[in-house]
file data-v5.txt (compact mmCIF, C-alpha atoms (C1' of nucleotides))
# COMPACT_ATOMS: atom_id res chain seq x y z
CA MET S 834 0.00 0.00 0.00
CA SER S 835 2.99 2.25 0.49
CA VAL S 836 3.36 2.87 -3.19
CA GLN S 837 -0.14 4.18 -3.48
CA GLU S 838 0.35 6.41 -0.47
CA ARG S 839 3.48 7.85 -1.95
CA LYS S 840 1.67 8.58 -5.18
CA GLU S 841 -1.12 10.31 -3.37
CA ARG S 842 1.41 12.32 -1.43
CA GLU S 843 3.14 13.36 -4.64
CA ARG S 844 -0.15 14.27 -6.20
CA ALA S 845 -1.02 16.45 -3.24
CA ILE S 846 2.36 18.15 -3.45
CA ARG S 847 1.88 18.84 -7.12
CA GLU S 848 -1.58 20.21 -6.50
CA ARG S 849 -0.20 22.63 -3.94
CA LEU S 850 2.49 23.56 -6.44
CA ILE S 851 -0.14 24.35 -9.05
CA LEU S 852 -2.08 26.55 -6.66
CA ALA S 853 0.98 28.33 -5.33
CA THR S 854 2.23 28.97 -8.85
CA ALA S 855 -1.14 30.20 -10.06
CA ARG S 856 -1.39 32.53 -7.12
CA GLU S 857 2.13 33.83 -7.57
CA LEU S 858 1.61 34.41 -11.27
CA ALA S 859 -1.71 36.12 -10.64
CA GLU S 860 -0.24 38.44 -8.04
CA GLN S 861 2.68 39.27 -10.29
CA GLN S 862 0.89 39.83 -13.58
CA GLY S 863 -2.84 39.54 -12.93
CA TRP S 864 -5.23 36.67 -13.51
CA GLU S 865 -5.45 37.33 -17.23
CA ALA S 866 -1.79 36.28 -17.40
CA VAL S 867 -2.55 32.98 -15.71
CA THR S 868 -3.09 30.85 -18.79
CA THR S 869 -3.03 27.10 -18.75
CA ARG S 870 0.03 27.12 -20.99
CA ARG S 871 2.04 29.48 -18.83
CA LEU S 872 0.95 27.73 -15.66
CA ALA S 873 1.89 24.34 -17.08
CA GLU S 874 5.26 25.64 -18.18
CA ARG S 875 6.02 27.07 -14.74
CA ILE S 876 5.24 23.83 -12.94
CA GLU S 877 7.21 21.98 -15.62
CA TYR S 878 4.37 19.73 -16.72
CA SER S 879 2.18 19.73 -19.77
CA GLN S 880 -1.23 21.37 -19.81
CA PRO S 881 -3.34 18.24 -19.47
CA VAL S 882 -1.80 17.57 -16.07
CA LEU S 883 -3.66 20.61 -14.77
CA TYR S 884 -6.91 18.97 -15.81
CA SER S 885 -6.15 15.87 -13.82
CA HIS S 886 -6.22 18.06 -10.71
CA PHE S 887 -8.87 20.62 -11.57
CA ARG S 888 -11.82 20.68 -13.92
CA GLY S 889 -10.51 23.84 -15.48
CA LYS S 890 -9.19 27.30 -14.87
CA ARG S 891 -12.30 28.31 -12.96
CA GLU S 892 -11.74 25.59 -10.40
CA ILE S 893 -8.15 26.71 -9.91
CA ILE S 894 -9.40 30.21 -9.17
CA GLY S 895 -11.90 28.75 -6.75
CA ALA S 896 -9.22 26.78 -4.92
CA VAL S 897 -7.06 29.89 -4.57
CA ALA S 898 -10.12 31.74 -3.26
CA VAL S 899 -10.77 29.17 -0.54
CA GLU S 900 -7.11 29.26 0.45
CA GLY S 901 -7.27 33.05 0.62
CA ALA S 902 -10.45 33.03 2.67
CA ALA S 903 -8.76 31.00 5.36
CA GLU S 904 -5.90 33.48 5.48
CA MET S 905 -8.25 36.42 5.60
CA ALA S 906 -10.22 34.90 8.45
CA THR S 907 -7.01 34.49 10.41
CA ALA S 908 -5.93 38.04 9.69
CA LEU S 909 -9.30 39.45 10.71
CA ARG S 910 -9.40 37.51 13.97
CA ALA S 911 -5.86 38.55 14.83
CA ALA S 912 -6.69 42.20 14.23
CA ALA S 913 -9.86 42.05 16.30
CA ALA S 914 -8.12 40.26 19.15
CA ALA S 915 -5.44 42.91 19.34
CA ALA S 916 -7.95 45.75 19.73
CA ASP S 917 -9.55 47.05 22.90
CA GLY S 918 -13.24 47.75 22.92
CA PRO S 919 -16.01 47.33 20.34
CA ARG S 920 -15.27 50.51 18.39
CA ALA S 921 -11.57 49.69 18.15
CA ARG S 922 -12.34 46.15 17.08
CA VAL S 923 -14.52 47.30 14.22
CA ALA S 924 -11.85 49.79 13.14
CA ALA S 925 -9.20 47.10 13.30
CA LEU S 926 -11.37 44.78 11.24
CA ALA S 927 -11.87 47.40 8.57
CA HIS S 928 -8.19 48.14 8.32
CA ALA S 929 -7.25 44.47 8.30
CA TYR S 930 -9.78 43.75 5.58
CA LEU S 931 -8.67 46.57 3.32
CA ASP S 932 -5.07 45.76 4.01
CA PHE S 933 -5.57 42.17 2.98
CA ALA S 934 -7.32 43.26 -0.20
CA ALA S 935 -4.56 45.70 -1.06
CA ARG S 936 -1.73 43.27 -0.34
CA ASN S 937 -3.30 40.28 -2.08
CA PRO S 938 -5.26 41.75 -4.98
CA ALA S 939 -5.26 38.57 -7.04
CA VAL S 940 -6.42 36.42 -4.17
CA TYR S 941 -9.04 39.01 -3.33
CA ASP S 942 -10.26 38.95 -6.92
CA ALA S 943 -10.45 35.17 -6.83
CA MET S 944 -12.58 35.42 -3.71
CA PHE S 945 -14.92 38.24 -4.58
CA GLN S 946 -14.57 39.39 -8.17
CA LEU S 947 -13.99 36.35 -10.35
CA ASP S 948 -16.06 33.29 -10.89
CA GLY S 949 -14.42 30.42 -9.09
CA GLY S 950 -17.48 28.26 -9.28
CA LEU S 951 -18.03 28.52 -5.54
CA ASP S 952 -21.31 28.62 -3.71
CA PHE S 953 -21.88 31.55 -1.42
CA ALA S 954 -24.41 31.92 1.31
CA THR S 955 -25.64 28.37 0.91
CA ALA S 956 -25.14 25.09 2.73
CA ASP S 957 -22.43 24.10 0.22
CA THR S 958 -20.38 27.19 0.87
CA PRO S 959 -16.77 26.20 1.64
CA GLU S 960 -16.03 26.45 5.34
CA PRO S 961 -13.24 29.07 5.08
CA LEU S 962 -15.60 31.48 3.33
CA LYS S 963 -18.22 31.10 6.02
CA ASP S 964 -15.50 31.49 8.60
CA ALA S 965 -14.22 34.76 7.15
CA PHE S 966 -17.72 36.15 7.31
CA ALA S 967 -18.06 34.85 10.85
CA ALA S 968 -14.90 36.69 11.81
CA LEU S 969 -16.56 39.93 10.76
CA LEU S 970 -19.83 38.99 12.44
CA GLU S 971 -18.22 38.40 15.82
CA SER S 972 -17.16 42.02 16.22
CA LEU S 973 -20.00 43.61 14.29
CA GLY S 974 -22.53 41.90 16.50
CA GLU S 975 -21.17 43.90 19.42
CA VAL S 976 -22.03 47.22 17.84
CA ALA S 977 -25.29 46.28 16.15
CA GLY S 978 -28.33 47.86 17.72
CA ASP S 979 -30.73 45.64 19.60
CA ASP S 980 -33.40 46.18 17.01
CA VAL S 981 -31.40 45.03 14.00
CA HIS S 982 -30.14 41.64 12.91
CA PRO S 983 -26.35 41.35 13.39
CA GLY S 984 -26.05 39.34 10.20
CA VAL S 985 -27.60 42.11 8.15
CA VAL S 986 -25.35 44.71 9.74
CA THR S 987 -22.34 42.58 8.93
CA GLU S 988 -23.46 42.12 5.35
CA VAL S 989 -23.80 45.85 4.80
CA PHE S 990 -20.50 46.56 6.52
CA TRP S 991 -18.85 43.92 4.37
CA ALA S 992 -20.42 45.35 1.23
CA ALA S 993 -19.07 48.78 2.08
CA LEU S 994 -15.58 47.40 2.67
CA HIS S 995 -15.81 45.47 -0.58
CA GLY S 996 -16.84 48.61 -2.43
CA LEU S 997 -13.97 50.60 -0.95
CA ALA S 998 -11.48 47.85 -1.74
CA THR S 999 -12.50 47.34 -5.35
CA LEU S 1000 -13.27 50.91 -6.33
CA THR S 1001 -10.01 52.12 -4.83
CA ARG S 1002 -7.91 49.50 -6.54
CA SER S 1003 -9.48 50.04 -9.94
CA GLY S 1004 -8.78 53.74 -9.66
CA ARG S 1005 -12.44 54.69 -9.41
CA LEU S 1006 -11.92 56.19 -5.98
CA PRO S 1007 -8.93 58.50 -5.54
CA PRO S 1008 -6.11 57.02 -3.46
CA ALA S 1009 -6.12 60.14 -1.33
CA PHE S 1010 -8.41 60.20 1.71
CA ALA S 1011 -8.59 56.40 1.74
CA GLU S 1012 -7.93 56.55 5.46
CA GLY S 1013 -10.62 59.19 5.88
CA ARG S 1014 -13.13 57.00 4.10
CA THR S 1015 -12.32 54.06 6.32
CA GLU S 1016 -12.68 56.11 9.46
CA LEU S 1017 -15.99 57.52 8.31
CA LEU S 1018 -17.29 54.05 7.58
CA VAL S 1019 -16.29 52.82 11.02
CA ASP S 1020 -17.90 55.85 12.61
CA HIS S 1021 -21.18 55.10 10.92
CA PHE S 1022 -21.22 51.52 12.10
CA ALA S 1023 -19.67 51.70 15.56
CA ARG S 1024 -20.99 54.91 16.98
CA ARG S 1025 -23.36 53.70 19.63
CA MET A 328 -19.87 69.34 -48.65
CA SER A 329 -23.15 67.53 -48.56
CA VAL A 330 -21.63 64.21 -49.49
CA GLN A 331 -19.16 64.38 -46.65
CA GLU A 332 -21.88 65.35 -44.23
CA ARG A 333 -23.98 62.40 -45.30
CA LYS A 334 -21.04 60.08 -44.78
CA GLU A 335 -20.40 61.43 -41.33
CA ARG A 336 -24.05 61.01 -40.51
CA GLU A 337 -24.00 57.44 -41.68
CA ARG A 338 -20.87 56.77 -39.71
CA ALA A 339 -22.48 58.17 -36.59
CA ILE A 340 -25.54 56.01 -37.12
CA ARG A 341 -23.40 52.92 -37.51
CA GLU A 342 -21.45 53.77 -34.40
CA ARG A 343 -24.66 54.00 -32.42
CA LEU A 344 -25.68 50.69 -33.95
CA ILE A 345 -22.47 49.09 -32.77
CA LEU A 346 -22.94 50.37 -29.24
CA ALA A 347 -26.61 49.45 -29.06
CA THR A 348 -25.86 45.97 -30.38
CA ALA A 349 -22.95 45.46 -28.00
CA ARG A 350 -25.09 46.55 -25.09
CA GLU A 351 -27.99 44.35 -26.11
CA LEU A 352 -25.76 41.34 -26.59
CA ALA A 353 -24.06 41.97 -23.26
CA GLU A 354 -27.36 42.25 -21.42
CA GLN A 355 -28.64 39.11 -23.07
CA GLN A 356 -25.64 36.83 -22.70
CA GLY A 357 -23.00 38.70 -20.71
CA TRP A 358 -19.93 40.58 -21.84
CA GLU A 359 -17.94 37.42 -22.42
CA ALA A 360 -20.36 36.66 -25.25
CA VAL A 361 -19.65 40.02 -26.86
CA THR A 362 -16.90 38.97 -29.23
CA THR A 363 -15.81 41.02 -32.18
CA ARG A 364 -16.96 38.26 -34.51
CA ARG A 365 -20.45 38.01 -33.08
CA LEU A 366 -20.77 41.76 -32.84
CA ALA A 367 -19.69 42.20 -36.43
CA GLU A 368 -22.12 39.56 -37.58
CA ARG A 369 -25.02 41.20 -35.77
CA ILE A 370 -24.40 44.60 -37.30
CA GLU A 371 -23.89 42.89 -40.65
CA TYR A 372 -20.40 44.17 -41.25
CA SER A 373 -17.00 42.51 -41.04
CA GLN A 374 -14.85 42.68 -37.94
CA PRO A 375 -12.40 45.34 -39.16
CA VAL A 376 -15.23 47.85 -39.41
CA LEU A 377 -15.44 47.82 -35.62
CA TYR A 378 -11.84 48.93 -35.49
CA SER A 379 -12.54 51.93 -37.68
CA HIS A 380 -14.85 53.18 -34.93
CA PHE A 381 -13.12 51.98 -31.79
CA ARG A 382 -9.56 51.08 -30.91
CA GLY A 383 -10.72 47.73 -29.67
CA LYS A 384 -13.18 45.90 -27.48
CA ARG A 385 -12.10 47.84 -24.41
CA GLU A 386 -13.07 51.12 -25.99
CA ILE A 387 -16.49 49.73 -26.90
CA ILE A 388 -17.01 48.82 -23.27
CA GLY A 389 -15.91 52.29 -22.27
CA ALA A 390 -18.38 53.90 -24.65
CA VAL A 391 -21.22 51.80 -23.29
CA ALA A 392 -20.15 52.79 -19.80
CA VAL A 393 -20.30 56.51 -20.57
CA GLU A 394 -23.71 56.06 -22.15
CA GLY A 395 -24.88 54.19 -19.07
CA ALA A 396 -23.50 56.80 -16.70
CA ALA A 397 -25.64 59.47 -18.33
CA GLU A 398 -28.70 57.30 -17.92
CA MET A 399 -27.87 56.54 -14.33
CA ALA A 400 -27.40 60.22 -13.53
CA THR A 401 -30.82 60.94 -14.97
CA ALA A 402 -32.41 58.11 -13.01
CA LEU A 403 -30.78 59.23 -9.76
CA ARG A 404 -31.86 62.84 -10.18
CA ALA A 405 -35.41 61.81 -11.01
CA ALA A 406 -35.58 59.64 -7.92
CA ALA A 407 -34.20 62.34 -5.66
CA ALA A 408 -36.53 64.96 -7.07
CA ALA A 409 -39.57 62.83 -6.40
CA ALA A 410 -38.72 62.40 -2.72
CA ASP A 411 -39.59 64.67 0.17
CA GLY A 412 -36.95 65.49 2.72
CA PRO A 413 -33.26 64.60 3.08
CA ARG A 414 -33.81 61.12 4.52
CA ALA A 415 -36.29 60.19 1.82
CA ARG A 416 -34.01 61.52 -0.88
CA VAL A 417 -31.11 59.37 0.27
CA ALA A 418 -33.40 56.33 0.43
CA ALA A 419 -34.72 57.07 -3.04
CA LEU A 420 -31.15 57.41 -4.34
CA ALA A 421 -30.15 54.08 -2.88
CA HIS A 422 -33.12 52.30 -4.37
CA ALA A 423 -32.69 53.97 -7.75
CA TYR A 424 -29.00 53.05 -7.80
CA LEU A 425 -29.54 49.41 -6.92
CA ASP A 426 -32.46 49.23 -9.28
CA PHE A 427 -30.36 50.53 -12.14
CA ALA A 428 -27.62 48.03 -11.36
CA ALA A 429 -30.08 45.16 -11.23
CA ARG A 430 -31.91 46.11 -14.41
CA ASN A 431 -28.79 46.87 -16.44
CA PRO A 432 -26.15 44.48 -15.16
CA ALA A 433 -24.03 44.58 -18.29
CA VAL A 434 -24.01 48.36 -18.43
CA TYR A 435 -23.25 48.46 -14.73
CA ASP A 436 -20.33 46.09 -15.27
CA ALA A 437 -19.04 48.26 -18.07
CA MET A 438 -19.13 51.24 -15.74
CA PHE A 439 -17.74 49.78 -12.55
CA GLN A 440 -16.43 46.27 -13.00
CA LEU A 441 -14.73 46.04 -16.37
CA ASP A 442 -11.84 47.93 -17.82
CA GLY A 443 -13.22 50.37 -20.36
CA GLY A 444 -10.04 52.38 -20.46
CA LEU A 445 -11.73 55.32 -18.75
CA ASP A 446 -10.19 57.74 -16.32
CA PHE A 447 -11.91 58.10 -12.99
CA ALA A 448 -11.54 60.83 -10.44
CA THR A 449 -9.25 62.85 -12.69
CA ALA A 450 -9.61 65.87 -14.93
CA ASP A 451 -10.02 63.60 -17.98
CA THR A 452 -12.97 61.76 -16.46
CA PRO A 453 -15.87 61.74 -18.92
CA GLU A 454 -18.53 64.25 -17.95
CA PRO A 455 -21.38 61.72 -17.50
CA LEU A 456 -19.37 59.81 -14.92
CA LYS A 457 -18.66 62.93 -12.94
CA ASP A 458 -22.29 63.87 -13.28
CA ALA A 459 -23.55 60.57 -11.90
CA PHE A 460 -21.35 61.06 -8.86
CA ALA A 461 -22.59 64.63 -8.57
CA ALA A 462 -26.16 63.36 -8.53
CA LEU A 463 -25.32 61.33 -5.45
CA LEU A 464 -23.39 64.19 -3.89
CA GLU A 465 -26.28 66.62 -4.11
CA SER A 466 -28.47 64.63 -1.75
CA LEU A 467 -25.72 63.19 0.41
CA GLY A 468 -24.41 66.64 1.15
CA GLU A 469 -27.68 67.40 2.90
CA VAL A 470 -27.21 64.65 5.44
CA ALA A 471 -23.45 64.89 5.93
CA GLY A 472 -22.43 66.23 9.30
CA ASP A 473 -20.89 69.67 9.46
CA ASP A 474 -17.57 68.21 10.49
CA VAL A 475 -17.16 65.84 7.57
CA HIS A 476 -16.46 66.41 3.90
CA PRO A 477 -19.58 65.74 1.78
CA GLY A 478 -17.44 64.24 -0.95
CA VAL A 479 -16.01 61.65 1.37
CA VAL A 480 -19.44 60.76 2.69
CA THR A 481 -20.68 60.32 -0.86
CA GLU A 482 -17.71 58.16 -1.75
CA VAL A 483 -18.34 55.81 1.17
CA PHE A 484 -22.07 55.71 0.48
CA TRP A 485 -21.36 54.92 -3.15
CA ALA A 486 -18.87 52.21 -2.19
CA ALA A 487 -21.49 50.59 0.02
CA LEU A 488 -24.08 50.67 -2.76
CA HIS A 489 -21.53 49.26 -5.16
CA GLY A 490 -20.72 46.46 -2.77
CA LEU A 491 -24.39 45.62 -2.29
CA ALA A 492 -25.02 45.70 -6.03
CA THR A 493 -22.10 43.50 -7.04
CA LEU A 494 -22.14 41.05 -4.14
CA THR A 495 -25.85 40.52 -4.49
CA ARG A 496 -25.75 39.95 -8.21
CA SER A 497 -22.84 37.51 -8.03
CA GLY A 498 -24.73 35.50 -5.44
CA ARG A 499 -22.32 36.34 -2.64
CA LEU A 500 -25.06 38.03 -0.66
CA PRO A 501 -28.36 36.17 -0.35
CA PRO A 502 -31.21 37.69 -2.36
CA ALA A 503 -33.35 37.65 0.75
CA PHE A 504 -33.22 40.72 3.01
CA ALA A 505 -31.90 42.86 0.17
CA GLU A 506 -34.46 45.45 1.11
CA GLY A 507 -33.45 45.22 4.74
CA ARG A 508 -29.82 45.82 3.84
CA THR A 509 -30.71 48.89 1.82
CA GLU A 510 -32.79 50.33 4.62
CA LEU A 511 -30.05 49.72 7.13
CA LEU A 512 -27.53 51.45 4.92
CA VAL A 513 -29.76 54.47 4.52
CA ASP A 514 -30.34 54.58 8.27
CA HIS A 515 -26.64 54.71 8.91
CA PHE A 516 -26.10 57.58 6.51
CA ALA A 517 -29.22 59.69 6.93
CA ARG A 518 -29.91 59.54 10.61
CA ARG A 519 -28.84 62.96 11.79
C1' DT X 951 -15.45 59.16 -68.38
C1' DC X 952 -11.61 58.34 -65.94
C1' DG X 953 -8.09 58.37 -61.80
C1' DG X 954 -7.72 58.15 -57.29
C1' DA X 955 -9.17 58.11 -52.67
C1' DT X 956 -12.16 55.92 -49.50
C1' DG X 957 -14.17 52.18 -47.56
C1' DT X 958 -14.78 47.22 -46.85
C1' DC X 959 -13.67 42.47 -46.92
C1' DT X 960 -10.94 38.10 -46.95
C1' DA X 961 -7.53 35.79 -44.82
C1' DG X 962 -4.45 35.08 -41.31
C1' DC X 963 -1.45 35.82 -36.94
C1' DG X 964 -0.59 34.48 -32.32
C1' DG X 965 -3.03 33.62 -28.50
C1' DT X 966 -6.89 31.25 -25.39
C1' DG X 967 -9.25 26.95 -22.69
C1' DC X 968 -9.70 22.39 -23.25
C1' DT X 969 -9.35 17.28 -24.95
C1' DA X 970 -8.53 12.90 -27.73
C1' DG X 971 -5.35 9.39 -28.47
C1' DG X 972 -0.98 7.39 -28.39
C1' DA X 973 3.44 6.48 -26.04
C1' DT X 974 6.00 5.58 -22.05
C1' DC X 975 6.85 4.58 -17.55
C1' DG X 976 6.58 1.94 -13.28
C1' DC X 977 4.24 -1.45 -10.54
C1' DT X 978 2.58 -6.23 -9.80
C1' DG X 979 2.16 -11.18 -10.19
C1' DC X 980 4.33 -15.16 -11.98
C1' DG W 608 14.05 -11.50 -12.94
C1' DC W 609 10.88 -10.55 -16.05
C1' DA W 610 6.60 -10.07 -18.79
C1' DG W 611 2.41 -7.86 -19.05
C1' DC W 612 -0.60 -4.46 -17.78
C1' DG W 613 -2.44 -0.24 -15.91
C1' DA W 614 -1.66 4.35 -14.62
C1' DT W 615 0.42 8.59 -16.11
C1' DC W 616 1.86 11.97 -19.13
C1' DC W 617 2.64 14.33 -23.53
C1' DT W 618 1.91 15.60 -28.43
C1' DA W 619 -1.13 17.42 -31.38
C1' DG W 620 -5.18 19.55 -32.41
C1' DC W 621 -9.98 21.59 -31.87
C1' DA W 622 -12.79 25.88 -31.96
C1' DC W 623 -12.61 30.12 -30.44
C1' DC W 624 -10.53 34.84 -29.10
C1' DG W 625 -8.74 40.07 -30.29
C1' DC W 626 -6.68 42.22 -33.79
C1' DT W 627 -4.49 43.54 -38.51
C1' DA W 628 -2.28 43.45 -43.32
C1' DG W 629 -3.26 43.76 -47.81
C1' DA W 630 -6.28 42.96 -51.75
C1' DC W 631 -10.39 44.52 -53.75
C1' DA W 632 -14.40 47.21 -54.97
C1' DT W 633 -16.93 51.23 -54.87
C1' DC W 634 -17.95 55.82 -55.19
C1' DC W 635 -16.46 60.78 -55.64
C1' DG W 636 -14.54 64.85 -58.00
C1' DA W 637 -12.41 66.69 -61.97

call {"tool": "encode", "arguments": {"input": "data-v5.txt", "output": "structure tokens"}}
result
Amino acid sequence: MSVQERKERERAIRERLILATARELAEQQGWEAVTTRRLAERIEYSQPVLYSHFRGKREIIGAVAVEGAAEMATALRAAAAAADGPRARVAALAHAYLDFAARNPAVYDAMFQLDGGLDFATADTPEPLKDAFAALLESLGEVAGDDVHPGVVTEVFWAALHGLATLTRSGRLPPAFAEGRTELLVDHFARR
Amino acid sequence: MSVQERKERERAIRERLILATARELAEQQGWEAVTTRRLAERIEYSQPVLYSHFRGKREIIGAVAVEGAAEMATALRAAAAAADGPRARVAALAHAYLDFAARNPAVYDAMFQLDGGLDFATADTPEPLKDAFAALLESLGEVAGDDVHPGVVTEVFWAALHGLATLTRSGRLPPAFAEGRTELLVDHFARR
DNA sequence: TCGGATGTCTAGCGGTGCTAGGATCGCTGC
DNA sequence: GCAGCGATCCTAGCACCGCTAGACATCCGA
């Protein structure tokens, strides 16, 4: 049985290599540069090998997204834990979120801009995605009014962060005053 | 001179035909279905004709975006004008914005998701884009606190609307409670 | 009526995601 | 130790993409 185990191990290693390479290439030159040919060349295999691991490019994007969601959840929780008080926690969350988006634009795109074939807000949603949302919910629940649903508050807060992240990066919001916008957002959600 | 004028007129008509066809095709089947071949076939000309009007596909997207921005500005102003009081105006704006995004997803994508080669937040920004932002600013300024810049408030409000629009349409926010999210957003921005 | 400019098309380039089919490699049972 | 077989991988190719060079026809002005 050892042979089979070794093969599975090697397959898993190669799969991680594919994902790491795709992510690296995407961060360096954007997702449009991540073609199956280039990706295959970088991992030093032929194209069809990619299709023995993933159904297609979309599924590769999806896998990178799930990976990224886990990282984001960790980053958000770390930021919240390091802050004192509800208002500070929400501010820390906002900064951590936008920071993650700015530092990992390709991963962020995989998560929230591109089609990775993932289910959102359903039972089949990958755990890391639900967890990242939960990380937001934990601190937002503290500042939600008694008369509103914490989940809804979190959704709107998330949508605002997402808008800031994407519009800023695409140049639709001026880079200046980015900090001011973040502070204003936090004020509106954590004032009570 | 009459001949030349007629030719220019015909050229202008064909250019509008290209844009209308591109928009229609994009709304029907998404922008990925808008290929130069299909577009050329629909307008009953060969591909190279497209390139005598636009530098490339990107510029076609940009032109549709500018067209859409003018429409959106009109829709926003109409909504605001029909509402009584600052709070109601902001609510009307939010609904009109999200309604426009939901009814014209392809145009919305051209404006805010895709690369149409347009400048944003600069001096070269096409007038309709600036005007659509101005339409938001007019009503948001009324509810901005005295100690904050109305422009920044509008930017954050816009970002939140953009997040709601895109995350909802891509299935990342559940369709349920969409109305609740909108109301909550308005509450947070038009409470004073 | 003719020459030339203008406009349009055919054909093709290098790229994309994806896949069928053959070759080669490595494991397993004798 | 070796033969046969199954898993694994690659070559080659499909249909499509955005875009363009160059041939061709058409229409205008003299």

call {"tool": "interface_residues", "arguments": {"input": "data-v5.txt", "of": "chain A", "to": "chain W", "cutoff": "8 Å", "atoms": "all atoms listed in the file", "output": "MDAnalysis selection string"}}
result
chainID A and resid 362:363 383:384

call {"tool": "atom_distance", "arguments": {"input": "data-v5.txt", "atom1": "atom CA of A:Phe460", "atom2": "atom CA of A:Phe381"}}
result
26.0 Å

call {"tool": "interface_residues", "arguments": {"input": "data-v5.txt", "of": "chain X", "to": "chain A", "cutoff": "10 Å", "atoms": "all atoms listed in the file", "output": "ChimeraX atom specification"}}
result
/X:957-960

call {"tool": "closest_residue", "arguments": {"input": "data-v5.txt", "among": "A:Phe447, A:Tyr424, A:Tyr435, A:Tyr378", "to": "chain S", "atoms": "only C-alpha atoms"}}
result
A:Phe447

call {"tool": "atom_distance", "arguments": {"input": "data-v5.txt", "atom1": "atom CA of A:Arg404", "atom2": "atom CA of A:Ile345"}}
result
28.1 Å

call {"tool": "closest_residue", "arguments": {"input": "data-v5.txt", "among": "S:Asp979, S:Asp917, S:Glu877, S:Glu1012", "to": "S:Leu931", "atoms": "all atoms listed in the file"}}
result
S:Glu1012

call {"tool": "decode", "arguments": {"input": "data-v5.txt", "residues": "stretch 473-477 of chain A", "atoms": "all heavy atoms", "output": "mmCIF file, in the first residue's frame"}}
result
data_model
loop_
_atom_site.group_PDB
_atom_site.id
_atom_site.type_symbol
_atom_site.label_atom_id
_atom_site.label_comp_id
_atom_site.auth_asym_id
_atom_site.auth_seq_id
_atom_site.Cartn_x
_atom_site.Cartn_y
_atom_site.Cartn_z
ATOM 1 N N ASP A 473 -21.640 68.449 9.772
ATOM 2 C CA ASP A 473 -20.890 69.667 9.462
ATOM 3 C C ASP A 473 -19.390 69.443 9.529
ATOM 4 O O ASP A 473 -18.616 70.171 8.910
ATOM 5 C CB ASP A 473 -21.272 70.764 10.470
ATOM 6 C CG ASP A 473 -22.752 71.119 10.324
ATOM 7 O OD1 ASP A 473 -23.295 70.888 9.224
ATOM 8 O OD2 ASP A 473 -23.335 71.605 11.295
ATOM 9 N N ASP A 474 -18.994 68.417 10.265
ATOM 10 C CA ASP A 474 -17.568 68.208 10.487
ATOM 11 C C ASP A 474 -16.941 67.243 9.488
ATOM 12 O O ASP A 474 -15.772 66.927 9.589
ATOM 13 C CB ASP A 474 -17.348 67.688 11.916
ATOM 14 C CG ASP A 474 -18.250 66.503 12.221
ATOM 15 O OD1 ASP A 474 -19.233 66.322 11.474
ATOM 16 O OD2 ASP A 474 -17.975 65.771 13.179
ATOM 17 N N VAL A 475 -17.735 66.763 8.545
ATOM 18 C CA VAL A 475 -17.160 65.843 7.565
ATOM 19 C C VAL A 475 -17.332 66.379 6.156
ATOM 20 O O VAL A 475 -18.271 67.121 5.870
ATOM 21 C CB VAL A 475 -17.813 64.436 7.655
ATOM 22 C CG1 VAL A 475 -17.433 63.765 8.951
ATOM 23 C CG2 VAL A 475 -19.312 64.532 7.499
ATOM 24 N N HIS A 476 -16.434 65.969 5.302
ATOM 25 C CA HIS A 476 -16.459 66.409 3.903
ATOM 26 C C HIS A 476 -17.566 65.677 3.155
ATOM 27 O O HIS A 476 -17.590 64.447 3.169
ATOM 28 C CB HIS A 476 -15.100 66.123 3.267
ATOM 29 C CG HIS A 476 -14.903 66.818 1.951
ATOM 30 N ND1 HIS A 476 -15.684 66.568 0.861
ATOM 31 C CD2 HIS A 476 -14.020 67.775 1.567
ATOM 32 C CE1 HIS A 476 -15.295 67.323 -0.146
ATOM 33 N NE2 HIS A 476 -14.279 68.071 0.253
ATOM 34 N N PRO A 477 -18.481 66.395 2.504
ATOM 35 C CA PRO A 477 -19.582 65.738 1.784
ATOM 36 C C PRO A 477 -19.087 64.763 0.723
ATOM 37 O O PRO A 477 -19.691 63.724 0.500
ATOM 38 C CB PRO A 477 -20.319 66.912 1.124
ATOM 39 C CG PRO A 477 -19.898 68.121 1.870
ATOM 40 C CD PRO A 477 -18.530 67.856 2.395
#
